[in-house]
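J.: Following this line is start18.tsv, made up of TSV, C-alpha atoms and all ligand atoms:
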```
chain	number	residue	atom	x	y	z
A	7	MET	CA	-6.18	-13.33	5.51
A	8	ASN	CA	-9.28	-11.46	6.57
A	9	LYS	CA	-9.16	-8.92	9.37
A	10	ARG	CA	-10.79	-5.71	10.55
A	11	TYR	CA	-9.27	-2.94	12.61
A	12	GLU	CA	-10.38	0.29	14.18
A	13	ILE	CA	-7.59	2.84	13.98
A	14	LYS	CA	-7.61	5.96	16.15
A	15	LYS	CA	-4.02	7.09	15.68
A	16	LEU	CA	-1.70	6.94	12.69
A	17	ALA	CA	0.83	4.88	14.61
A	18	GLU	CA	-1.76	2.09	14.91
A	19	PHE	CA	-1.25	1.39	11.20
A	20	LYS	CA	1.97	-0.32	12.35
A	21	LYS	CA	-0.04	-3.17	13.86
A	22	ILE	CA	-1.66	-3.79	10.46
A	23	VAL	CA	1.72	-3.67	8.68
A	24	SER	CA	3.08	-6.14	11.20
A	25	ASP	CA	0.12	-8.53	10.74
A	26	VAL	CA	0.39	-8.37	6.94
A	27	PHE	CA	4.14	-9.00	7.03
A	28	ASP	CA	3.61	-11.97	9.38
A	29	TRP	CA	1.04	-13.36	6.97
A	30	TYR	CA	3.49	-12.79	4.09
A	31	GLU	CA	6.32	-14.60	5.88
A	32	ASP	CA	4.09	-17.59	6.60
A	33	ASN	CA	2.46	-17.83	3.17
A	34	CYS	CA	4.77	-16.39	0.54
A	35	ASN	CA	8.20	-17.11	-0.83
A	36	GLY	CA	9.88	-13.81	-1.49
A	37	GLU	CA	7.60	-12.83	-4.37
A	38	ALA	CA	6.45	-9.21	-4.66
A	39	LEU	CA	3.89	-8.22	-2.05
A	40	VAL	CA	1.16	-6.03	-3.52
A	41	LEU	CA	-0.93	-3.92	-1.17
A	42	ALA	CA	-3.95	-2.40	-2.93
A	43	LEU	CA	-4.92	0.59	-0.76
A	44	GLN	CA	-8.52	1.62	-1.26
A	45	GLY	CA	-10.36	4.54	0.31
A	46	ASP	CA	-11.66	8.04	-0.36
A	47	LEU	CA	-9.51	11.15	-0.61
A	48	GLY	CA	-7.93	11.73	2.80
A	49	ALA	CA	-8.80	8.26	4.08
A	50	GLY	CA	-5.18	7.51	4.98
A	51	LYS	CA	-3.63	5.57	2.08
A	52	THR	CA	-0.49	7.72	2.05
A	53	ALA	CA	-0.41	7.76	5.85
A	54	PHE	CA	-0.48	3.95	5.82
A	55	THR	CA	2.39	3.86	3.31
A	56	GLN	CA	4.40	6.24	5.52
A	57	GLU	CA	3.94	3.96	8.53
A	58	LEU	CA	4.97	0.97	6.42
A	59	GLY	CA	8.05	2.96	5.38
A	60	LYS	CA	8.95	3.55	9.03
A	61	PHE	CA	8.51	-0.15	9.69
A	62	LEU	CA	11.07	-0.88	6.93
A	63	ASN	CA	13.43	1.82	8.23
A	64	ILE	CA	13.17	3.90	5.08
A	65	GLU	CA	14.91	7.17	5.85
A	66	GLU	CA	13.67	9.25	2.95
A	67	THR	CA	10.49	11.26	3.41
A	68	ILE	CA	7.57	9.50	1.75
A	69	ASN	CA	5.25	11.86	-0.08
A	70	SER	CA	2.47	10.98	-2.46
A	71	PRO	CA	3.95	10.50	-5.95
A	72	THR	CA	1.05	12.44	-7.41
A	73	PHE	CA	2.84	13.62	-10.55
A	74	THR	CA	5.45	10.93	-11.05
A	75	ILE	CA	2.88	8.21	-10.15
A	76	VAL	CA	5.65	5.76	-9.17
A	77	LYS	CA	8.39	6.26	-6.58
A	78	LYS	CA	10.88	3.67	-5.34
A	79	TYR	CA	12.55	3.61	-1.93
A	80	PRO	CA	15.39	1.32	-0.90
A	81	THR	CA	14.91	-0.18	2.56
A	82	LYS	CA	17.52	-0.90	5.19
A	83	GLY	CA	17.49	-4.67	5.01
A	84	GLY	CA	14.79	-6.87	6.49
A	85	LEU	CA	11.93	-8.56	4.71
A	86	PHE	CA	12.08	-6.37	1.56
A	87	ASP	CA	14.87	-4.66	-0.37
A	88	GLU	CA	12.64	-2.07	-1.89
A	89	MET	CA	9.31	-0.36	-1.41
A	90	VAL	CA	7.46	0.98	-4.46
A	91	HIS	CA	4.82	3.63	-3.82
A	92	ILE	CA	2.30	4.06	-6.62
A	93	ASP	CA	-0.44	6.69	-6.74
A	94	ALA	CA	-2.66	5.93	-9.73
A	95	TYR	CA	-5.01	8.84	-9.04
A	96	ARG	CA	-3.93	10.80	-12.11
A	97	ILE	CA	-4.08	7.95	-14.58
A	98	GLU	CA	-6.81	8.78	-17.04
A	99	ASP	CA	-6.23	6.27	-19.75
A	100	GLY	CA	-5.12	2.65	-19.88
A	101	SER	CA	-2.37	3.55	-22.36
A	102	GLU	CA	-0.54	5.43	-19.59
A	103	VAL	CA	0.01	2.27	-17.57
A	104	LYS	CA	2.49	0.25	-19.61
A	105	PRO	CA	5.26	2.91	-19.77
A	106	LEU	CA	5.30	3.04	-15.95
A	107	LYS	CA	6.69	-0.51	-15.98
A	108	ILE	CA	4.65	-1.54	-12.94
A	109	GLU	CA	4.09	-4.98	-14.43
A	110	GLU	CA	7.85	-5.60	-14.41
A	111	MET	CA	8.02	-4.49	-10.76
A	112	LEU	CA	5.31	-7.00	-9.86
A	113	LEU	CA	7.64	-9.79	-10.96
A	114	LYS	CA	10.54	-8.71	-8.76
A	115	SER	CA	11.24	-10.56	-5.56
A	116	ASN	CA	11.74	-8.90	-2.19
A	117	THR	CA	9.67	-5.89	-3.22
A	118	VAL	CA	6.60	-4.46	-1.53
A	119	LEU	CA	4.28	-2.30	-3.63
A	120	CYS	CA	1.84	0.11	-1.98
A	121	ILE	CA	-0.74	1.13	-4.56
A	122	GLU	CA	-3.14	4.02	-3.98
A	123	TRP	CA	-6.21	4.15	-6.23
A	124	PRO	CA	-5.75	0.57	-7.51
A	125	GLU	CA	-9.23	0.87	-9.04
A	126	LEU	CA	-7.64	2.92	-11.84
A	127	ILE	CA	-5.15	0.20	-12.81
A	128	GLU	CA	-7.26	-2.78	-11.79
A	129	SER	CA	-6.31	-4.79	-14.89
A	130	ILE	CA	-2.70	-5.14	-13.69
A	131	ILE	CA	-3.42	-5.80	-10.00
A	132	PRO	CA	-2.64	-9.49	-9.40
A	133	PRO	CA	-5.34	-11.68	-7.81
A	134	SER	CA	-2.91	-12.36	-4.95
A	135	ALA	CA	-2.90	-8.69	-3.89
A	136	VAL	CA	-3.77	-7.85	-0.31
A	137	ARG	CA	-6.75	-5.48	-0.30
A	138	ILE	CA	-6.61	-2.81	2.38
A	139	LYS	CA	-9.79	-0.74	2.56
A	140	ILE	CA	-9.77	2.37	4.74
A	141	LYS	CA	-13.00	4.12	5.72
A	142	ILE	CA	-13.39	7.18	7.90
A	143	THR	CA	-16.11	6.36	10.41
A	144	LYS	CA	-16.04	9.33	12.77
A	145	ASN	CA	-13.58	12.14	13.39
A	146	ASN	CA	-10.11	10.69	13.12
A	147	THR	CA	-11.27	7.10	13.40
A	148	ARG	CA	-10.69	4.71	10.54
A	149	GLU	CA	-12.20	1.32	9.91
A	150	VAL	CA	-9.66	-0.77	8.03
A	151	SER	CA	-10.35	-4.12	6.44
A	152	VAL	CA	-7.56	-6.33	5.19
A	153	SER	CA	-8.36	-9.21	2.91
A	154	GLN	CA	-6.48	-11.59	0.72
A	155	ASN	CA	-8.30	-14.31	-1.12
A	156	SER	CA	-6.09	-15.99	-3.65
A	157	VAL	CA	-2.55	-17.27	-3.09
A	158	LYS	CA	-1.48	-16.96	-6.73
A	201	LIG	N1	-6.57	7.57	12.51
A	201	LIG	C1	-6.07	8.08	11.39
A	201	LIG	N2	-5.71	7.27	10.41
A	201	LIG	C2	-5.24	7.77	9.23
A	201	LIG	N3	-5.11	9.08	8.95
A	201	LIG	C3	-5.45	9.94	9.92
A	201	LIG	C4	-5.94	9.49	11.16
A	201	LIG	N4	-6.21	10.58	11.89
A	201	LIG	C5	-5.88	11.64	11.16
A	201	LIG	N5	-5.41	11.29	9.96
A	201	LIG	C6	-5.00	12.24	8.92
A	201	LIG	O1	-5.75	12.02	7.75
A	201	LIG	C7	-4.98	12.36	6.63
A	201	LIG	C8	-4.94	11.19	5.66
A	201	LIG	O2	-4.37	11.67	4.47
A	201	LIG	P1	-3.67	10.76	3.39
A	201	LIG	O3	-2.90	11.69	2.53
A	201	LIG	O4	-2.97	9.63	4.02
A	201	LIG	O5	-4.96	10.24	2.60
A	201	LIG	P2	-5.00	9.45	1.24
A	201	LIG	O6	-5.96	8.33	1.45
A	201	LIG	O7	-3.64	9.13	0.79
A	201	LIG	O8	-5.69	10.50	0.26
A	201	LIG	P3	-5.46	10.73	-1.32
A	201	LIG	O9	-6.50	9.90	-2.01
A	201	LIG	O10	-5.72	12.19	-1.46
A	201	LIG	O11	-4.08	10.35	-1.68
A	201	LIG	C9	-3.58	12.71	7.12
A	201	LIG	O12	-3.47	14.11	7.20
A	201	LIG	C10	-3.54	12.08	8.49
A	201	LIG	O13	-2.67	12.75	9.36
A	202	MG	MG	-2.54	9.61	-0.90
```
Output the structure of this file as structure tokens.
T.:
Amino acid sequence: MNKRYEIKKLAEFKKIVSDVFDWYEDNCNGEALVLALQGDLGAGKTAFTQELGKFLNIEETINSPTFTIVKKYPTKGGLFDEMVHIDAYRIEDGSEVKPLKIEEMLLKSNTVLCIEWPELIESIIPPSAVRIKIKITKNNTREVSVSQNSVK
């Protein structure tokens, strides 16, 4: 999968979520879907995760798990049972990663993981992750590239 989008409104993230989920349905078999969300502060990584949450009918408010780093949300049926939102921004040392048990979550089926600041936990990001790069181009416009290179 290799696509580019120009996003002018938050709601347009839904189109990207829908395309990624279509790709997942056609190419995957229920294994965890990892979305590595890259972009500067304020680029829209949390906003993307919130739109994905709406798409999965998650009722809870999705805020950045800045201090807890990991937050799980049950979905209301559909393609995934659970969404895991990870914000690695505050991870300073590799030794902090293991206790979060993210590696175990990567092995669960029917789970989608949205990971902000994947650069900080790159060693545990699987090669099959979908890379979503968000760049602010002009006021309130985002260029988003979605790429996925390796099936396993
Ligand atoms: N077209 C757009 N796409 C995405 N976000 C937009 C857009 N227009 C405005 N925004 C605003 O930009 C902000 C993006 O903030 P968000 O918290 O999602 O960034 P982030 O990438 O998660 O940053 P951080 O690294 O601090 O976690 C939000 O306030 C959102 O409403
Ligand atoms: Mg964020």
J.: By how many Å are CA of Thr81 (chain A) and CA of Gln154 (chain A) apart?
T.: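 Answer for the CA of Thr81 (chain A) to CA of Gln154 (chain A) separation: 24.3 Å.
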J.: So which residues are near ligand LIG 201 (chain A), meaning at most 7 Å away with only C-alpha atoms and all ligand atoms counted, given back as a list of chain:residue names?
T.: A:Ile13, A:Lys14, A:Lys15, A:Leu16, A:Gly45, A:Asp46, A:Leu47, A:Gly48, A:Ala49, A:Gly50, A:Lys51, A:Thr52, A:Ala53, A:Phe54, A:Ser70, A:Glu122, A:Asn146, A:Thr147, A:Arg148
J.: Show which residues sit within 9 Å of Val103 (chain A), as a list in words. Count only C-alpha atoms, and ignore same-chain residues fewer than 6 positions away.
T.: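 The filter keeps Ile97, Glu109, Ile127 and Ile130 of chain A.
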J.: Write out as a ChimeraX atom specification the residues lying within 12 Å of Leu62 (chain A), counting all atoms listed in the file and excluding same-chain residues fewer than 3 positions away.
T.: /A:20,23-24,27,55-59,65-66,79-89,117-118
J.: Calculate how many Å separate CA of Glu37 (chain A) from CA of Glu12 (chain A), rounding to one decimal.
T.: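 So the answer is 29.0 Å.
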J.: Out of A:Ile121, A:Thr143, A:Val150, A:Asp28, which residue has the shortest atom-to-atom distance to Leu43 (chain A) when counting only C-alpha atoms?
T.: A:Ile121
J.: Around (-2.7, -6.6, -12.1) in the file's frame, which residues reach within 12 Å when counting only C-alpha atoms? Return as a PDB file with C-alpha atoms, in the frame of the given file?
T.:
```
ATOM      1  CA  VAL A  40       1.160  -6.030  -3.520  1.00  0.00           C
ATOM      2  CA  LEU A  41      -0.930  -3.920  -1.170  1.00  0.00           C
ATOM      3  CA  ALA A  42      -3.950  -2.400  -2.930  1.00  0.00           C
ATOM      4  CA  VAL A 103       0.010   2.270 -17.570  1.00  0.00           C
ATOM      5  CA  LYS A 104       2.490   0.250 -19.610  1.00  0.00           C
ATOM      6  CA  LYS A 107       6.690  -0.510 -15.980  1.00  0.00           C
ATOM      7  CA  ILE A 108       4.650  -1.540 -12.940  1.00  0.00           C
ATOM      8  CA  GLU A 109       4.090  -4.980 -14.430  1.00  0.00           C
ATOM      9  CA  GLU A 110       7.850  -5.600 -14.410  1.00  0.00           C
ATOM     10  CA  MET A 111       8.020  -4.490 -10.760  1.00  0.00           C
ATOM     11  CA  LEU A 112       5.310  -7.000  -9.860  1.00  0.00           C
ATOM     12  CA  LEU A 113       7.640  -9.790 -10.960  1.00  0.00           C
ATOM     13  CA  LEU A 119       4.280  -2.300  -3.630  1.00  0.00           C
ATOM     14  CA  ILE A 121      -0.740   1.130  -4.560  1.00  0.00           C
ATOM     15  CA  PRO A 124      -5.750   0.570  -7.510  1.00  0.00           C
ATOM     16  CA  GLU A 125      -9.230   0.870  -9.040  1.00  0.00           C
ATOM     17  CA  LEU A 126      -7.640   2.920 -11.840  1.00  0.00           C
ATOM     18  CA  ILE A 127      -5.150   0.200 -12.810  1.00  0.00           C
ATOM     19  CA  GLU A 128      -7.260  -2.780 -11.790  1.00  0.00           C
ATOM     20  CA  SER A 129      -6.310  -4.790 -14.890  1.00  0.00           C
ATOM     21  CA  ILE A 130      -2.700  -5.140 -13.690  1.00  0.00           C
ATOM     22  CA  ILE A 131      -3.420  -5.800 -10.000  1.00  0.00           C
ATOM     23  CA  PRO A 132      -2.640  -9.490  -9.400  1.00  0.00           C
ATOM     24  CA  PRO A 133      -5.340 -11.680  -7.810  1.00  0.00           C
ATOM     25  CA  SER A 134      -2.910 -12.360  -4.950  1.00  0.00           C
ATOM     26  CA  ALA A 135      -2.900  -8.690  -3.890  1.00  0.00           C
ATOM     27  CA  VAL A 136      -3.770  -7.850  -0.310  1.00  0.00           C
ATOM     28  CA  LYS A 158      -1.480 -16.960  -6.730  1.00  0.00           C
TER      29      LYS A 158
END
```
J.: Report the distance between CA of Asn69 (chain A) and CA of Cys34 (chain A) in Å, rounded to one decimal place.
T.: 28.3 Å
J.: Check the smallest atom-to-atom distance from each of A:Asp93, A:Ile68, A:Ser101, A:Asn8 to ligand MG 202 (chain A) using only C-alpha atoms and all ligand atoms, then report the winner.
T.: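 Nearest to ligand MG 202 (chain A): A:Asp93.
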J.: So that all listed atoms of region 86-100 of chain A fit with 8 Å spare on each side, what axis-aligned box centre and edge lengths in Å, to one decimal, would you give as lines of an AutoDock Vina configuration file?
T.:
```
center_x = 4.0
center_y = 2.2
center_z = -9.2
size_x = 37.7
size_y = 33.2
size_z = 37.4
```
J.: Between A:Ile64, A:Lys141, A:Tyr95, A:Ala38, which is the closest to Lys114 (chain A) once you count only C-alpha atoms?
T.: A:Ala38
J.: Tell me which of A:Val76, A:Gly100, A:Asn35, A:Gln44 sits closest to Ser151 (chain A), counting only C-alpha atoms.
T.: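 Looking only at the distances to Ser151 (chain A), the closest residue turns out to be A:Gln44.
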J.: Between A:Ala17, A:Met7, A:Ala94, A:Ile22, which is the closest to ligand MG 202 (chain A) once you count all atoms listed in the file?
T.: A:Ala94
J.: For a quick check of understanding, using all atoms listed in the file, which of A:Asn155, A:Val90, A:Arg10, A:Ser115 has the smallest distance to Lys139 (chain A)?
T.: A:Arg10
